[in-house]
Each structure stands twice: as C-alpha cells, then as structure tokens.
file query-v7.cif (mmCIF, C-alpha atoms (C1' of nucleotides))
data_work
#
loop_
_atom_site.group_PDB
_atom_site.id
_atom_site.type_symbol
_atom_site.label_atom_id
_atom_site.label_comp_id
_atom_site.auth_asym_id
_atom_site.auth_seq_id
_atom_site.Cartn_x
_atom_site.Cartn_y
_atom_site.Cartn_z
ATOM 1 C CA MET A 1244 8.448 -56.877 -17.402
ATOM 2 C CA LEU A 1245 9.707 -59.656 -19.606
ATOM 3 C CA ILE A 1246 13.455 -59.836 -19.955
ATOM 4 C CA GLU A 1247 15.171 -62.108 -22.437
ATOM 5 C CA ILE A 1248 18.890 -62.692 -22.717
ATOM 6 C CA ASP A 1249 20.665 -63.782 -25.891
ATOM 7 C CA PHE A 1250 23.456 -65.946 -24.588
ATOM 8 C CA SER A 1251 24.989 -66.284 -28.045
ATOM 9 C CA SER A 1252 25.288 -62.501 -28.371
ATOM 10 C CA ASP A 1253 28.672 -60.820 -28.153
ATOM 11 C CA GLU A 1254 27.096 -58.201 -25.904
ATOM 12 C CA ALA A 1255 27.706 -58.807 -22.213
ATOM 13 C CA ILE A 1256 24.703 -60.010 -20.219
ATOM 14 C CA TYR A 1257 24.771 -57.039 -17.856
ATOM 15 C CA VAL A 1258 24.770 -54.691 -20.852
ATOM 16 C CA GLN A 1259 21.783 -56.482 -22.373
ATOM 17 C CA LEU A 1260 19.957 -56.114 -19.059
ATOM 18 C CA GLN A 1261 20.642 -52.373 -18.970
ATOM 19 C CA HIS A 1262 19.431 -51.911 -22.548
ATOM 20 C CA GLN A 1263 16.213 -53.858 -22.042
ATOM 21 C CA ILE A 1264 15.342 -51.949 -18.890
ATOM 22 C CA ILE A 1265 16.050 -48.589 -20.576
ATOM 23 C CA MET A 1266 13.902 -49.655 -23.540
ATOM 24 C CA GLY A 1267 11.208 -50.684 -21.061
ATOM 25 C CA ILE A 1268 11.204 -47.198 -19.555
ATOM 26 C CA ALA A 1269 11.178 -45.466 -22.961
ATOM 27 C CA THR A 1270 8.276 -47.603 -24.192
ATOM 28 C CA GLU A 1271 6.468 -47.217 -20.867
ATOM 29 C CA VAL A 1272 6.321 -50.934 -20.203
ATOM 30 C CA ILE A 1273 7.616 -49.820 -16.831
ATOM 31 C CA ARG A 1274 7.119 -46.343 -15.400
ATOM 32 C CA GLU A 1275 8.478 -44.071 -12.729
ATOM 33 C CA GLY A 1276 7.744 -45.584 -9.339
ATOM 34 C CA ASP A 1277 7.406 -49.142 -10.618
ATOM 35 C CA THR A 1278 9.697 -51.729 -9.084
ATOM 36 C CA LEU A 1279 11.967 -54.177 -10.813
ATOM 37 C CA PRO A 1280 12.391 -57.719 -9.507
ATOM 38 C CA SER A 1281 15.087 -58.187 -6.871
ATOM 39 C CA VAL A 1282 18.555 -59.143 -8.005
ATOM 40 C CA ARG A 1283 18.014 -62.714 -6.850
ATOM 41 C CA GLN A 1284 14.540 -63.046 -8.386
ATOM 42 C CA LEU A 1285 15.654 -61.692 -11.751
ATOM 43 C CA ALA A 1286 18.786 -63.826 -11.684
ATOM 44 C CA ASP A 1287 16.705 -66.933 -11.009
ATOM 45 C CA SER A 1288 14.034 -66.192 -13.628
ATOM 46 C CA VAL A 1289 16.570 -65.406 -16.346
ATOM 47 C CA GLY A 1290 18.970 -68.161 -15.311
ATOM 48 C CA ILE A 1291 22.043 -66.068 -14.585
ATOM 49 C CA ASN A 1292 24.099 -65.167 -11.565
ATOM 50 C CA MET A 1293 22.987 -62.699 -8.918
ATOM 51 C CA HIS A 1294 26.120 -60.590 -9.320
ATOM 52 C CA THR A 1295 25.522 -60.072 -13.032
ATOM 53 C CA VAL A 1296 22.102 -58.579 -12.295
ATOM 54 C CA ASN A 1297 23.586 -56.544 -9.448
ATOM 55 C CA LYS A 1298 26.164 -55.094 -11.822
ATOM 56 C CA ALA A 1299 23.445 -53.989 -14.247
ATOM 57 C CA TYR A 1300 21.357 -52.465 -11.425
ATOM 58 C CA THR A 1301 24.357 -50.648 -9.943
ATOM 59 C CA LEU A 1302 25.264 -49.117 -13.306
ATOM 60 C CA LEU A 1303 21.634 -48.135 -13.968
ATOM 61 C CA LYS A 1304 21.616 -46.446 -10.564
ATOM 62 C CA GLN A 1305 24.827 -44.551 -11.361
ATOM 63 C CA ALA A 1306 23.348 -43.499 -14.709
ATOM 64 C CA GLY A 1307 20.276 -42.140 -12.967
ATOM 65 C CA PHE A 1308 17.581 -44.551 -14.154
ATOM 66 C CA ILE A 1309 16.717 -46.388 -10.952
ATOM 67 C CA GLN A 1310 17.133 -46.140 -7.198
ATOM 68 C CA LEU A 1311 18.012 -49.072 -4.989
ATOM 69 C CA ASP A 1312 16.144 -49.339 -1.707
ATOM 70 C CA ARG A 1313 16.458 -52.169 0.739
ATOM 71 C CA ARG A 1314 12.745 -51.879 1.508
ATOM 72 C CA LYS A 1315 11.289 -51.440 -1.964
ATOM 73 C CA GLY A 1316 13.996 -53.061 -4.084
ATOM 74 C CA ALA A 1317 14.903 -51.468 -7.404
ATOM 75 C CA VAL A 1318 12.564 -48.565 -8.184
ATOM 76 C CA ILE A 1319 12.386 -46.720 -11.496
ATOM 77 C CA ALA A 1320 13.439 -43.147 -10.693
ATOM 78 C CA ILE A 1321 14.756 -40.943 -13.468
ATOM 79 C CA ASP A 1322 17.356 -38.437 -12.395
ATOM 80 C CA VAL A 1323 17.239 -35.960 -15.287
ATOM 81 C CA ASP A 1324 20.588 -34.374 -16.050
ATOM 82 C CA LYS A 1325 19.977 -33.039 -19.529
ATOM 83 C CA ILE A 1326 23.427 -31.529 -19.916
ATOM 84 C CA GLN A 1327 25.112 -34.843 -19.306
ATOM 85 C CA ALA A 1328 22.518 -36.851 -21.241
ATOM 86 C CA HIS A 1329 22.892 -34.533 -24.231
ATOM 87 C CA ALA A 1330 26.680 -34.815 -24.138
ATOM 88 C CA GLU A 1331 26.499 -38.589 -23.882
ATOM 89 C CA MET A 1332 24.095 -38.855 -26.802
ATOM 90 C CA LYS A 1333 26.289 -36.603 -28.922
ATOM 91 C CA ARG A 1334 29.304 -38.761 -28.201
ATOM 92 C CA GLU A 1335 27.417 -41.951 -29.086
ATOM 93 C CA LEU A 1336 25.854 -40.510 -32.240
ATOM 94 C CA ARG A 1337 29.047 -38.994 -33.623
ATOM 95 C CA ILE A 1338 30.553 -42.330 -34.687
ATOM 96 C CA ALA A 1339 27.273 -43.960 -35.679
ATOM 97 C CA LEU A 1340 26.340 -41.087 -38.002
ATOM 98 C CA ALA A 1341 29.868 -40.872 -39.417
ATOM 99 C CA LYS A 1342 29.629 -44.539 -40.395
ATOM 100 C CA GLY A 1343 26.347 -43.866 -42.143
ATOM 101 C CA CYS A 1344 27.761 -40.795 -43.874
ATOM 102 C CA CYS A 1345 30.581 -42.926 -45.297
ATOM 103 C CA LYS A 1346 27.936 -45.332 -46.583
ATOM 104 C CA ASN A 1347 26.057 -42.531 -48.376
ATOM 105 C CA ILE A 1348 23.177 -42.359 -45.906
ATOM 106 C CA SER A 1349 21.826 -38.833 -46.270
ATOM 107 C CA ARG A 1350 20.935 -36.359 -43.571
ATOM 108 C CA ALA A 1351 17.259 -36.695 -44.501
ATOM 109 C CA GLU A 1352 17.384 -40.456 -44.133
ATOM 110 C CA VAL A 1353 18.817 -40.109 -40.639
ATOM 111 C CA HIS A 1354 16.034 -37.711 -39.700
ATOM 112 C CA GLU A 1355 13.501 -40.243 -40.951
ATOM 113 C CA LEU A 1356 15.177 -42.932 -38.883
ATOM 114 C CA VAL A 1357 15.081 -40.744 -35.771
ATOM 115 C CA ASP A 1358 11.341 -40.175 -36.232
ATOM 116 C CA GLU A 1359 10.798 -43.865 -36.804
ATOM 117 C CA LEU A 1360 12.607 -44.729 -33.600
ATOM 118 C CA PHE A 1361 10.941 -42.010 -31.565
ATOM 119 C CA ASP A 1362 7.557 -43.406 -32.593
ATOM 120 C CA GLU A 1363 8.550 -46.574 -30.716
ATOM 121 C CA TYR A 1364 8.893 -44.603 -27.498
ATOM 122 C CA THR A 1365 5.524 -43.801 -25.964
ATOM 123 C CA ARG A 1366 7.103 -42.039 -23.001
ATOM 124 C CA GLU A 1367 6.463 -38.325 -23.043
ATOM 125 C CA CYS A 1368 9.740 -36.587 -23.835
ATOM 126 C CA ARG A 1369 9.466 -33.029 -22.610
ATOM 127 C CA PRO A 1370 11.478 -30.320 -24.374
ATOM 128 C CA MET X 706 46.393 -38.402 -41.085
ATOM 129 C CA LEU X 707 47.087 -37.764 -37.437
ATOM 130 C CA ILE X 708 46.018 -40.542 -35.117
ATOM 131 C CA GLU X 709 46.040 -40.168 -31.361
ATOM 132 C CA ILE X 710 45.337 -42.924 -28.852
ATOM 133 C CA ASP X 711 44.013 -42.336 -25.347
ATOM 134 C CA PHE X 712 45.667 -45.100 -23.348
ATOM 135 C CA SER X 713 43.660 -44.227 -20.241
ATOM 136 C CA SER X 714 40.392 -44.696 -22.122
ATOM 137 C CA ASP X 715 38.188 -47.697 -21.445
ATOM 138 C CA GLU X 716 37.764 -48.095 -25.182
ATOM 139 C CA ALA X 717 40.052 -50.690 -26.720
ATOM 140 C CA ILE X 718 42.909 -49.332 -28.805
ATOM 141 C CA TYR X 719 41.806 -51.135 -31.959
ATOM 142 C CA VAL X 720 38.314 -49.641 -31.527
ATOM 143 C CA GLN X 721 39.767 -46.129 -31.149
ATOM 144 C CA LEU X 722 41.739 -46.700 -34.356
ATOM 145 C CA GLN X 723 38.594 -47.734 -36.247
ATOM 146 C CA HIS X 724 36.656 -44.702 -35.006
ATOM 147 C CA GLN X 725 39.367 -42.216 -35.895
ATOM 148 C CA ILE X 726 39.750 -43.616 -39.397
ATOM 149 C CA ILE X 727 35.974 -43.590 -39.959
ATOM 150 C CA MET X 728 35.814 -39.989 -38.704
ATOM 151 C CA GLY X 729 38.707 -39.202 -41.031
ATOM 152 C CA ILE X 730 36.729 -40.479 -44.001
ATOM 153 C CA ALA X 731 33.530 -38.661 -42.986
ATOM 154 C CA THR X 732 35.381 -35.361 -42.528
ATOM 155 C CA GLU X 733 37.334 -35.922 -45.732
ATOM 156 C CA VAL X 734 40.719 -35.762 -44.033
ATOM 157 C CA ILE X 735 41.262 -38.937 -46.029
ATOM 158 C CA ARG X 736 39.381 -39.784 -49.191
ATOM 159 C CA GLU X 737 38.613 -42.713 -51.429
ATOM 160 C CA GLY X 738 41.835 -43.941 -52.984
ATOM 161 C CA ASP X 739 44.093 -42.505 -50.299
ATOM 162 C CA THR X 740 46.350 -44.921 -48.486
ATOM 163 C CA LEU X 741 46.769 -45.444 -44.775
ATOM 164 C CA PRO X 742 50.188 -46.146 -43.269
ATOM 165 C CA SER X 743 51.220 -49.782 -43.147
ATOM 166 C CA VAL X 744 50.439 -51.751 -40.022
ATOM 167 C CA ARG X 745 54.064 -51.552 -38.914
ATOM 168 C CA GLN X 746 54.462 -47.845 -39.652
ATOM 169 C CA LEU X 747 51.288 -46.908 -37.820
ATOM 170 C CA ALA X 748 52.157 -49.195 -34.923
ATOM 171 C CA ASP X 749 55.567 -47.580 -34.625
ATOM 172 C CA SER X 750 54.346 -44.005 -34.911
ATOM 173 C CA VAL X 751 51.575 -44.495 -32.364
ATOM 174 C CA GLY X 752 53.654 -46.677 -30.090
ATOM 175 C CA ILE X 753 51.516 -49.806 -30.095
ATOM 176 C CA ASN X 754 51.825 -53.350 -31.329
ATOM 177 C CA MET X 755 51.555 -54.305 -34.981
ATOM 178 C CA HIS X 756 48.769 -56.818 -34.287
ATOM 179 C CA THR X 757 46.554 -54.190 -32.691
ATOM 180 C CA VAL X 758 46.713 -52.112 -35.871
ATOM 181 C CA ASN X 759 46.207 -55.211 -37.976
ATOM 182 C CA LYS X 760 43.055 -56.044 -36.020
ATOM 183 C CA ALA X 761 41.624 -52.576 -36.645
ATOM 184 C CA TYR X 762 42.484 -52.754 -40.366
ATOM 185 C CA THR X 763 40.990 -56.235 -40.734
ATOM 186 C CA LEU X 764 37.725 -55.150 -39.102
ATOM 187 C CA LEU X 765 37.585 -51.990 -41.239
ATOM 188 C CA LYS X 766 38.046 -54.191 -44.297
ATOM 189 C CA GLN X 767 35.219 -56.502 -43.214
ATOM 190 C CA ALA X 768 33.009 -53.459 -42.596
ATOM 191 C CA GLY X 769 33.701 -52.203 -46.117
ATOM 192 C CA PHE X 770 35.721 -49.071 -45.403
ATOM 193 C CA ILE X 771 39.147 -50.041 -46.731
ATOM 194 C CA GLN X 772 40.816 -52.620 -48.929
ATOM 195 C CA LEU X 773 44.085 -54.291 -48.082
ATOM 196 C CA ASP X 774 46.517 -54.689 -50.932
ATOM 197 C CA ARG X 775 49.995 -56.077 -50.602
ATOM 198 C CA ARG X 776 51.194 -53.632 -53.234
ATOM 199 C CA LYS X 777 49.446 -50.439 -52.154
ATOM 200 C CA GLY X 778 48.889 -51.131 -48.464
ATOM 201 C CA ALA X 779 45.613 -50.091 -46.883
ATOM 202 C CA VAL X 780 43.497 -48.123 -49.348
ATOM 203 C CA ILE X 781 40.309 -46.238 -48.514
ATOM 204 C CA ALA X 782 37.599 -47.980 -50.541
ATOM 205 C CA ILE X 783 33.984 -47.644 -49.456
ATOM 206 C CA ASP X 784 31.846 -50.647 -50.195
ATOM 207 C CA VAL X 785 28.359 -49.149 -49.987
ATOM 208 C CA ASP X 786 25.747 -51.567 -48.692
ATOM 209 C CA LYS X 787 22.974 -49.187 -47.711
ATOM 210 C CA ILE X 788 20.619 -51.902 -46.524
ATOM 211 C CA GLN X 789 23.131 -53.207 -44.035
ATOM 212 C CA ALA X 790 24.413 -49.750 -43.063
ATOM 213 C CA HIS X 791 20.866 -48.564 -42.428
ATOM 214 C CA ALA X 792 20.074 -51.598 -40.284
ATOM 215 C CA GLU X 793 23.272 -51.160 -38.320
ATOM 216 C CA MET X 794 22.604 -47.486 -37.685
ATOM 217 C CA LYS X 795 19.065 -48.245 -36.552
ATOM 218 C CA ARG X 796 20.330 -50.822 -34.101
ATOM 219 C CA GLU X 797 22.926 -48.407 -32.706
ATOM 220 C CA LEU X 798 20.524 -45.458 -32.474
ATOM 221 C CA ARG X 799 17.692 -47.381 -30.832
ATOM 222 C CA ILE X 800 19.369 -47.573 -27.415
ATOM 223 C CA ALA X 801 21.051 -44.158 -27.600
ATOM 224 C CA LEU X 802 17.772 -42.389 -28.390
ATOM 225 C CA ALA X 803 15.854 -44.386 -25.765
ATOM 226 C CA LYS X 804 18.332 -43.181 -23.138
ATOM 227 C CA GLY X 805 17.778 -39.612 -24.234
ATOM 228 C CA CYS X 806 13.999 -40.069 -24.241
ATOM 229 C CA CYS X 807 14.162 -41.247 -20.616
ATOM 230 C CA LYS X 808 16.118 -38.080 -19.838
ATOM 231 C CA ASN X 809 13.436 -35.879 -21.432
ATOM 232 C CA ILE X 810 15.427 -35.052 -24.549
ATOM 233 C CA SER X 811 12.803 -34.183 -27.139
ATOM 234 C CA ARG X 812 12.505 -35.359 -30.702
ATOM 235 C CA ALA X 813 13.298 -31.851 -31.917
ATOM 236 C CA GLU X 814 16.466 -31.704 -29.839
ATOM 237 C CA VAL X 815 17.663 -34.949 -31.401
ATOM 238 C CA HIS X 816 17.010 -33.578 -34.883
ATOM 239 C CA GLU X 817 19.084 -30.528 -33.975
ATOM 240 C CA LEU X 818 21.861 -32.757 -32.745
ATOM 241 C CA VAL X 819 21.812 -34.783 -35.957
ATOM 242 C CA ASP X 820 22.147 -31.601 -38.020
ATOM 243 C CA GLU X 821 24.936 -30.375 -35.786
ATOM 244 C CA LEU X 822 26.852 -33.614 -36.228
ATOM 245 C CA PHE X 823 26.219 -33.817 -39.959
ATOM 246 C CA ASP X 824 27.719 -30.356 -40.331
ATOM 247 C CA GLU X 825 30.967 -31.858 -39.063
ATOM 248 C CA TYR X 826 31.015 -34.280 -41.973
ATOM 249 C CA THR X 827 32.134 -32.624 -45.183
ATOM 250 C CA ARG X 828 31.887 -35.822 -47.169
ATOM 251 C CA GLU X 829 29.105 -35.718 -49.697
ATOM 252 C CA CYS X 830 26.388 -38.078 -48.492
ATOM 253 C CA ARG X 831 24.265 -39.021 -51.490
ATOM 254 C CA PRO X 832 20.611 -39.907 -50.966
ATOM 255 C "C1'" DT W 1353 11.688 -66.075 14.635
ATOM 256 C "C1'" DA W 1354 12.201 -66.941 9.871
ATOM 257 C "C1'" DC W 1355 12.777 -64.983 5.570
ATOM 258 C "C1'" DT W 1356 14.184 -61.756 1.981
ATOM 259 C "C1'" DT W 1357 16.533 -57.723 0.792
ATOM 260 C "C1'" DG W 1358 20.854 -55.156 -1.002
ATOM 261 C "C1'" DT W 1359 25.681 -55.294 -0.319
ATOM 262 C "C1'" DG W 1360 30.313 -56.877 0.240
ATOM 263 C "C1'" DC W 1361 33.939 -60.223 -0.174
ATOM 264 C "C1'" DT W 1362 36.867 -64.057 -2.105
ATOM 265 C "C1'" DA W 1363 37.891 -67.425 -5.502
ATOM 266 C "C1'" DA W 1364 37.718 -69.659 -9.847
ATOM 267 C "C1'" DC W 1365 37.113 -69.971 -14.859
ATOM 268 C "C1'" DC W 1366 36.822 -68.257 -19.518
ATOM 269 C "C1'" DT W 1367 37.274 -64.769 -22.973
ATOM 270 C "C1'" DA W 1368 39.098 -60.434 -24.772
ATOM 271 C "C1'" DT W 1369 42.820 -57.319 -25.240
ATOM 272 C "C1'" DA W 1370 47.585 -56.229 -26.004
ATOM 273 C "C1'" DT W 1371 52.199 -57.412 -26.325
ATOM 274 C "C1'" DA W 1372 56.421 -59.926 -27.997
ATOM 275 C "C1'" DT W 1373 58.730 -62.756 -31.231
ATOM 276 C "C1'" DA W 1374 59.104 -65.337 -35.236
ATOM 277 C "C1'" DA W 1375 58.319 -66.827 -39.791
ATOM 278 C "C1'" DC W 1376 56.414 -66.774 -44.611
ATOM 279 C "C1'" DA W 1377 55.298 -65.480 -49.589
ATOM 280 C "C1'" DA W 1378 54.338 -61.583 -52.513
ATOM 281 C "C1'" DA W 1379 55.629 -57.289 -54.241
ATOM 282 C "C1'" DA W 1380 58.765 -53.210 -54.798
ATOM 283 C "C1'" DG W 1381 63.056 -50.997 -55.414
ATOM 284 C "C1'" DA W 1382 67.997 -50.885 -56.119
ATOM 285 C "C1'" DT U 1432 69.712 -60.832 -58.198
ATOM 286 C "C1'" DC U 1433 69.498 -59.016 -53.650
ATOM 287 C "C1'" DT U 1434 67.349 -56.414 -50.117
ATOM 288 C "C1'" DT U 1435 63.555 -54.350 -48.065
ATOM 289 C "C1'" DT U 1436 58.822 -53.847 -47.085
ATOM 290 C "C1'" DT U 1437 54.383 -55.543 -47.374
ATOM 291 C "C1'" DG U 1438 50.259 -58.275 -45.414
ATOM 292 C "C1'" DT U 1439 49.532 -62.547 -43.145
ATOM 293 C "C1'" DT U 1440 49.869 -66.300 -39.954
ATOM 294 C "C1'" DA U 1441 51.408 -68.618 -35.849
ATOM 295 C "C1'" DT U 1442 52.702 -69.235 -30.951
ATOM 296 C "C1'" DA U 1443 53.331 -67.592 -26.317
ATOM 297 C "C1'" DT U 1444 52.559 -64.476 -22.394
ATOM 298 C "C1'" DA U 1445 50.507 -61.036 -19.336
ATOM 299 C "C1'" DT U 1446 46.695 -58.340 -18.045
ATOM 300 C "C1'" DA U 1447 41.871 -57.035 -17.744
ATOM 301 C "C1'" DG U 1448 36.901 -57.929 -18.075
ATOM 302 C "C1'" DG U 1449 32.821 -60.983 -17.667
ATOM 303 C "C1'" DT U 1450 30.461 -64.685 -15.333
ATOM 304 C "C1'" DT U 1451 29.767 -67.895 -11.926
ATOM 305 C "C1'" DA U 1452 29.986 -69.776 -7.220
ATOM 306 C "C1'" DG U 1453 29.719 -69.576 -2.338
ATOM 307 C "C1'" DC U 1454 29.665 -67.158 1.900
ATOM 308 C "C1'" DA U 1455 28.550 -63.540 5.034
ATOM 309 C "C1'" DC U 1456 26.341 -59.428 7.042
ATOM 310 C "C1'" DA U 1457 22.948 -55.687 8.502
ATOM 311 C "C1'" DA U 1458 18.474 -53.937 7.437
ATOM 312 C "C1'" DG U 1459 13.853 -54.613 6.664
ATOM 313 C "C1'" DT U 1460 9.464 -57.723 6.176
ATOM 314 C "C1'" DA U 1461 5.989 -61.177 7.426
#
call {"tool": "encode", "arguments": {"input": "query-v7.cif", "output": "structure tokens"}}
result
Amino acid sequence: MLIEIDFSSDEAIYVQLQHQIIMGIATEVIREGDTLPSVRQLADSVGINMHTVNKAYTLLKQAGFIQLDRRKGAVIAIDVDKIQAHAEMKRELRIALAKGCCKNISRAEVHELVDELFDEYTRECRP
Amino acid sequence: MLIEIDFSSDEAIYVQLQHQIIMGIATEVIREGDTLPSVRQLADSVGINMHTVNKAYTLLKQAGFIQLDRRKGAVIAIDVDKIQAHAEMKRELRIALAKGCCKNISRAEVHELVDELFDEYTRECRP
DNA sequence: TACTTGTGCTAACCTATATATAACAAAAGA
DNA sequence: TCTTTTGTTATATATAGGTTAGCACAAGTA
C-alpha cells in the first residue's frame, strides 16, 4: 500500500497516516488479514521517525482497525463496535453539516454527496 | 447566546467557540444581523482570555460566518461560497464516512443520520 | 547466532495554545 | 470635549503537543 505524506500540510503526520490507512481499508486496497509494513520499514520508506508511525499504529489499534502482533506485525483486523462508531460519526458530522447548512447546502445535496463518497468505498458495508 | 466551554476537552477553546457559534447559526439561536458579544465581554463571561476569543472571531470572519465592525462589534453575516463550502464538506466527510464503512455502517444508516442531524437545524437551507 | 519485531524510555527541538499586559486609533455616548 | 468601549496589534511567558533522535529490552524469526 502506497502511503504519501504532505509535509506542508497542517495535519499532523500521524493523523495523515491514520487517514490513509482507513481509506485503504474502505477502498479495499488492503483487507482484513493483510499486514502493514513494520513501524521501522514504514518510517524508513516514508522518511519519518519510527515513533511517529508507532503513534499512528497504536491509535489505530485503540480505534479497532488493526492488531499489533510481534510475530505478524500490524494486521488489519476490524473490531466492529457499531454503537460507538455510530456515535463517533454523529459527533463528527454534526459540525460539518451545520457549516454546510449555514452556507445554504441543502439536505438533498448532502445526500448526493454521501452517495458520491460511498461509491468510492468498495468495501462491503453490511447493514 | 449561551456559550459553554469544556476545559477538560482535548479540543482547543477557540475551536469550541467556533463550533458553538456555527451551531447557533444553524439552529437559528442567532440569525443574520444579530451581534455577538465583544471579545472582551465574551472573554469575561466565559472566563478566558481576550485573545482566545479574538482568534475564534477572526477565523469565523475568514470562513465567512461573521463580519467584524468597530461600530457594531461582531455581526452574523453569512458569505455564501457554495463551491468552497461543498468542497470543504466533502473533504471532512470523506474520512468520517470511510471510518463508518470500515465499521459496517451502511449507506442507508448514514442517510438516516444525515436526516436526523438536519432536523436539528431549523435554519432554512436553500438548494 | 544474528537479525528484526514491537515496546518502552529519555532528551531535545519546534510549533500551537492560552495567558498576561500594554498600547493604539476609531467609534460611541455623555 | 471627555470618557468609555471597540477591534487590533505587539511582546512576553508558560504549558502542551508533535517530531525527531538515540538507546535499550524481550520476543520471535531465519
């Protein structure tokens, strides 16, 4: 999986790493059971410090996206907690949608945008 | 408009201020033309520094939610740039929805959530 | 044995956040 | 006119977060 970091971005490197790996799972570039490069390998290939990668991996583990195993390295393993995931999404969407509402973006336009984004994700999202 | 700050939150105070004011506009607690308290008044009433409020106001001005006038103070004035607002929302939703997709939250469930959130906003969102 | 793995620790550097204090010109009100 | 309040700018300080560096260890691999 190709990972690219924008060093001029105002987003922290470890946050960018998390986002790219989550996008990789959603778009099925990487799938359950696949392994990510080790913290040292990824740090070397991207050109950042080992601890920055470790921070991203640790947070992804806490969020239930990967599991860290000394034998296998970082393995994609989704721990589905729909209650928590739903609550987290609601919290994140509340402000984003309010901003759009202030800017006269209609409910229908948001629905269109959701469909557009979901079409990017090839991963099967079960109801 | 009542503003409450959670000092134990990991969100910066000036970010919390922005969010609460944006939510206030979306829920029509404050409307176009209404004035916000001055930076010093709000700082005093909330118990924070003047510069923290000023930072929030300046960013809200740059984002096109308020206008700062030496005579009237901070006035709610929406500068609608739908192109930019749409792009910004798309960027913010991309990661949030990808997370949900990984956690098996379906497209339909997201649509429900969008409707649920939009029902909180009483402001008329024109298409 | 030699190597790599995740993990833990300390230290240093830079930036971001928040505070305090001060000062200024423009506008409002008395 | 005088005073007060306004947004704005500036400087300084303290704390927290992000990133890097180097070192070390136990567990697992080749």
call {"tool": "closest_atom_pairs", "arguments": {"input": "query-v7.cif", "of": "stretch 745-774 of chain X", "to": "stretch 1355-1378 of chain W", "cutoff": "10 Å", "atoms": "all atoms listed in the file", "output": "Markdown table"}}
result
| residue | atom | partner | partner_atom | distance |
| --- | --- | --- | --- | --- |
| X:Ile753 | CA | W:DT1371 | C1' | 8.5 |
| X:Asn754 | CA | W:DT1371 | C1' | 6.5 |
| X:Met755 | CA | W:DT1371 | C1' | 9.2 |
| X:His756 | CA | W:DA1370 | C1' | 8.4 |
| X:Thr757 | CA | W:DA1370 | C1' | 7.1 |
call {"tool": "closest_residue", "arguments": {"input": "query-v7.cif", "among": "X:Glu817, X:Asp715, X:Asp749, X:Asp739", "to": "chain U", "atoms": "all atoms listed in the file"}}
result
X:Asp715
call {"tool": "atom_distance", "arguments": {"input": "query-v7.cif", "atom1": "atom CA of A:Gly1276", "atom2": "atom CA of A:Lys1304"}}
result
14.0 Å
call {"tool": "closest_atom_pairs", "arguments": {"input": "query-v7.cif", "of": "chain A", "to": "chain W", "cutoff": "12 Å", "atoms": "only C-alpha atoms (C1' of nucleotides)", "output": "tab-separated table"}}
result
residue	atom	partner	partner_atom	distance
A:Asp1253	CA	W:DT1367	C1'	10.8
A:Ala1255	CA	W:DT1367	C1'	11.3
A:Pro1280	CA	W:DT1357	C1'	11.1
A:Ser1281	CA	W:DT1357	C1'	7.8
A:Val1282	CA	W:DG1358	C1'	8.4
A:Arg1283	CA	W:DT1357	C1'	9.2
A:Gln1284	CA	W:DT1356	C1'	10.5
A:Met1293	CA	W:DG1358	C1'	11.1
A:His1294	CA	W:DT1359	C1'	10.5
A:Val1296	CA	W:DG1358	C1'	11.9
A:Asn1297	CA	W:DG1358	C1'	9.0
A:Lys1298	CA	W:DT1359	C1'	11.5
A:Tyr1300	CA	W:DG1358	C1'	10.8
A:Thr1301	CA	W:DG1358	C1'	10.6
A:Gln1310	CA	W:DG1358	C1'	11.6
A:Leu1311	CA	W:DG1358	C1'	7.8
A:Asp1312	CA	W:DG1358	C1'	7.5
A:Arg1313	CA	W:DT1357	C1'	5.6
A:Arg1314	CA	W:DT1357	C1'	7.0
A:Lys1315	CA	W:DT1357	C1'	8.6
A:Gly1316	CA	W:DT1357	C1'	7.2
A:Ala1317	CA	W:DG1358	C1'	9.5
call {"tool": "closest_atom_pairs", "arguments": {"input": "query-v7.cif", "of": "chain U", "to": "chain A", "cutoff": "9 Å", "atoms": "all atoms listed in the file", "output": "Markdown table"}}
result
| residue | atom | partner | partner_atom | distance |
| --- | --- | --- | --- | --- |
| U:DG1449 | C1' | A:Ala1255 | CA | 7.2 |
| U:DT1450 | C1' | A:Thr1295 | CA | 7.1 |
| U:DT1451 | C1' | A:Asn1292 | CA | 6.3 |
| U:DA1452 | C1' | A:Asn1292 | CA | 8.6 |
| U:DA1458 | C1' | A:Arg1313 | CA | 7.2 |
| U:DG1459 | C1' | A:Arg1314 | CA | 5.9 |
| U:DT1460 | C1' | A:Arg1314 | CA | 8.2 |
call {"tool": "write_last_selection", "arguments": {"input": "query-v7.cif", "atoms": "C-alpha atoms (C1' of nucleotides)", "output": "PDB file, in the frame of the given file"}}
result
ATOM      1  C1'  DG U1449      32.821 -60.983 -17.667  1.00  0.00           C
ATOM      2  C1'  DT U1450      30.461 -64.685 -15.333  1.00  0.00           C
ATOM      3  C1'  DT U1451      29.767 -67.895 -11.926  1.00  0.00           C
ATOM      4  C1'  DA U1452      29.986 -69.776  -7.220  1.00  0.00           C
ATOM      5  C1'  DA U1458      18.474 -53.937   7.437  1.00  0.00           C
ATOM      6  C1'  DG U1459      13.853 -54.613   6.664  1.00  0.00           C
ATOM      7  C1'  DT U1460       9.464 -57.723   6.176  1.00  0.00           C
TER       8       DT U1460
END
call {"tool": "residues_around", "arguments": {"input": "query-v7.cif", "residues": "stretch 1266-1269 of chain A", "least_positions_apart": "3", "cutoff": "6 Å", "atoms": "all atoms listed in the file", "output": "MDAnalysis selection string"}}
result
(chainID A and resid 1263 1272:1274 1364 1366) or (chainID X and resid 803 807)
call {"tool": "resolve_selection", "arguments": {"input": "query-v7.cif", "expression": "the PyMOL selection byres ((chain X and resi 814) around 12)", "output": "PyMOL selection string"}}
result
(chain A and resi 1325+1328-1329+1332-1333+1354+1357-1358+1361+1368-1370) or (chain X and resi 802+805-806+808-813+815-821)
call {"tool": "closest_residue", "arguments": {"input": "query-v7.cif", "among": "A:Glu1254, A:Asp1249, A:Asp1324, A:Glu1275", "to": "chain X", "atoms": "all atoms listed in the file"}}
result
A:Asp1324
call {"tool": "atom_distance", "arguments": {"input": "query-v7.cif", "atom1": "atom CA of X:Asp784", "atom2": "atom CA of X:Val751"}}
result
27.3 Å
call {"tool": "atom_distance", "arguments": {"input": "query-v7.cif", "atom1": "atom CA of X:Ala782", "atom2": "atom CA of X:Ile726"}}
result
12.2 Å
call {"tool": "closest_residue", "arguments": {"input": "query-v7.cif", "among": "A:Gln1259, A:Leu1285, A:Ile1265, A:Leu1245", "to": "chain X", "atoms": "all atoms listed in the file"}}
result
A:Ile1265
